[in-house]
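Engineer: First the structure, which I've put down as structure tokens, then a few questions once you've had a look.
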Amino acid sequence: MKIAILNGPNLNLLGRREPEIYGNLTFEDYFKTLQQQFPTISFIYFQSNIEGELINKLHEVGFTYDGIILNAGAYTHTSIGIGDAIKGINTPVIEVHISNTFSREEFRHQSYISPNAKGVIIGFGLKSYELAVHSFL
């Protein structure tokens, strides 16, 4: 099984950015743990602060992978293009968020990803990614 994990803007700052919301662990360190936890799954990880690069990666893996776990960060609430890219691919996408977006600013309550995603996992910290992996098993 092949699963792609795609992270959007500012998630490269995990471990340093607002640790009270996002924790102290970098995603790269967490990714190693995830790979150890699921040794039979072939994972790739991609992070970009650039919307078009995320769309290009969705197009690249969206016809050959078994699943995509996407935390589009702030693009969740603004990017019709990412929503359309998900609609245009075959691979199912699970939308994840580390924090509970509904307990934060009102603009974070809107998602252009959710209508095109297989499911949404919100607010379980980095464990949100693990729960998303389980949804593909």
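Letters for chains follow the order of the structure tokens (A, B, ...), residue numbers begin at 1 for each chain, and ligand numbers begin at 1 in the order shown.
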Pull the closest atom pair for each residue of stretch 42-125 of chain A that gets at most 10 Å from stretch 129-132 of chain A, along with the distance in Å to one decimal, counting only C-alpha atoms, ordering rows by chain and then ascending residue number, as JSON lines.

Structural biologist:
{"residue": "A:Gly67", "atom": "CA", "partner": "A:Ala132", "partner_atom": "CA", "distance": 9.3}
{"residue": "A:Ile68", "atom": "CA", "partner": "A:Ala132", "partner_atom": "CA", "distance": 9.0}
{"residue": "A:Ile69", "atom": "CA", "partner": "A:Ala132", "partner_atom": "CA", "distance": 6.7}
{"residue": "A:Leu70", "atom": "CA", "partner": "A:Tyr129", "partner_atom": "CA", "distance": 8.9}
{"residue": "A:Asn71", "atom": "CA", "partner": "A:Tyr129", "partner_atom": "CA", "distance": 9.0}
{"residue": "A:Val93", "atom": "CA", "partner": "A:Ala132", "partner_atom": "CA", "distance": 9.3}
{"residue": "A:Ile94", "atom": "CA", "partner": "A:Ala132", "partner_atom": "CA", "distance": 6.3}
{"residue": "A:Glu95", "atom": "CA", "partner": "A:Ala132", "partner_atom": "CA", "distance": 8.2}
{"residue": "A:Val96", "atom": "CA", "partner": "A:Tyr129", "partner_atom": "CA", "distance": 6.7}
{"residue": "A:His97", "atom": "CA", "partner": "A:Tyr129", "partner_atom": "CA", "distance": 8.4}
{"residue": "A:Ile98", "atom": "CA", "partner": "A:Tyr129", "partner_atom": "CA", "distance": 8.4}
{"residue": "A:Gly119", "atom": "CA", "partner": "A:Ala132", "partner_atom": "CA", "distance": 8.6}
{"residue": "A:Val120", "atom": "CA", "partner": "A:Ala132", "partner_atom": "CA", "distance": 8.4}
{"residue": "A:Ile121", "atom": "CA", "partner": "A:Ala132", "partner_atom": "CA", "distance": 7.1}
{"residue": "A:Ile122", "atom": "CA", "partner": "A:Tyr129", "partner_atom": "CA", "distance": 9.7}
{"residue": "A:Phe124", "atom": "CA", "partner": "A:Tyr129", "partner_atom": "CA", "distance": 8.7}
{"residue": "A:Gly125", "atom": "CA", "partner": "A:Tyr129", "partner_atom": "CA", "distance": 8.4}

Engineer: When you draw a straight line from atom CA of A:Glu105 to atom CA of A:Glu20, how long is it in Å?

Structural biologist: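 These two atoms are separated by 15.8 Å.
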
Engineer: Can you list every residue in chain A that DSSP puts in helix (DSSP H, G or I), as a ChimeraX atom specification?

Structural biologist: /A:11-13,19-22,27-37,51-61,73-77,80-88,101-103,106-109,114-116,127-136

Engineer: Any chance you could tabulate, as a Markdown table, the residues of stretch 8-52 of chain A at most 7 Å from stretch 1-4 of chain A with each one's nearest atom pair and distance in Å to one decimal, using only C-alpha atoms, in chain and rising number order?

Structural biologist:
| residue | atom | partner | partner_atom | distance |
| --- | --- | --- | --- | --- |
| A:Ile41 | CA | A:Met1 | CA | 5.2 |
| A:Ser42 | CA | A:Lys2 | CA | 4.7 |
| A:Phe43 | CA | A:Ile3 | CA | 5.0 |
| A:Ile44 | CA | A:Ala4 | CA | 4.9 |
| A:Tyr45 | CA | A:Ala4 | CA | 6.0 |

Engineer: Measuring between only C-alpha atoms, which one of A:Thr78, A:Thr40, A:Thr26, A:Thr33 shows the shortest distance to A:Leu137?

Structural biologist: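 Selected residue with least distance to A:Leu137: A:Thr40.
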
Engineer: At a cut-off of 8 Å, using only C-alpha atoms, what residues contact A:Tyr75? Leave out same-chain residues fewer than 2 positions from it and give the result as a list in words.

Structural biologist: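 Residues near the query, excluding close chain neighbours: Gly8, Pro9, Glu51, Ala72, Gly73, His77, Thr78, Ser79 and Ile82 of chain A.
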
Engineer: Kindly export the residues of the current selection with N, CA and C atoms, as a compact mmCIF listing (two decimals), in the first residue's frame.

Structural biologist:
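Full text of again-v5.txt as output:
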# COMPACT_ATOMS: atom_id res chain seq x y z
N GLY A 8 0.62 21.49 3.91
CA GLY A 8 0.63 22.82 3.32
C GLY A 8 1.42 23.85 4.11
N PRO A 9 1.06 25.11 3.92
CA PRO A 9 1.86 26.22 4.42
C PRO A 9 2.03 26.23 5.93
N GLU A 51 0.83 26.94 -3.03
CA GLU A 51 -0.41 26.28 -3.44
C GLU A 51 -0.24 25.44 -4.71
N ALA A 72 -3.86 20.74 4.33
CA ALA A 72 -3.59 21.88 3.46
C ALA A 72 -3.35 23.18 4.22
N GLY A 73 -3.32 23.10 5.56
CA GLY A 73 -3.10 24.30 6.36
C GLY A 73 -4.12 25.36 6.01
N HIS A 77 -8.98 26.74 3.77
CA HIS A 77 -10.04 27.73 3.89
C HIS A 77 -10.09 28.72 2.73
N THR A 78 -9.13 28.59 1.80
CA THR A 78 -9.06 29.59 0.73
C THR A 78 -8.92 29.01 -0.68
N SER A 79 -8.50 27.75 -0.81
CA SER A 79 -8.09 27.26 -2.13
C SER A 79 -9.16 26.43 -2.83
N ILE A 82 -7.18 23.70 -4.90
CA ILE A 82 -6.84 22.43 -4.26
C ILE A 82 -8.09 21.55 -4.17

Engineer: Give me, as a list in words, the residues of stretch 17-132 of chain A that a backbone DSSP run labels strand (DSSP E).

Structural biologist: Ser42, Phe43, Ile44, Tyr45, Phe46, Gln47, Gly67, Ile68, Ile69, Leu70, Asn71, Val93, Ile94, Glu95, Val96, His97, Gly119, Val120, Ile121 and Ile122 of chain A

Engineer: So, with only C-alpha atoms as the atoms that count, which of A:Ala85, A:Ile55, A:Leu34, A:Leu6 lies closest to A:Val133?

Structural biologist: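 Going through A:Ala85, A:Ile55, A:Leu34, A:Leu6 one by one, the smallest distance to A:Val133 is for A:Leu34.
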
Engineer: Between A:Asn10, A:Asn56, A:Ser135, A:Gln110, which is the closest to A:Phe27 once you count only C-alpha atoms?

Structural biologist: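 Looking at the shortest contact to A:Phe27, the residue is A:Asn10.
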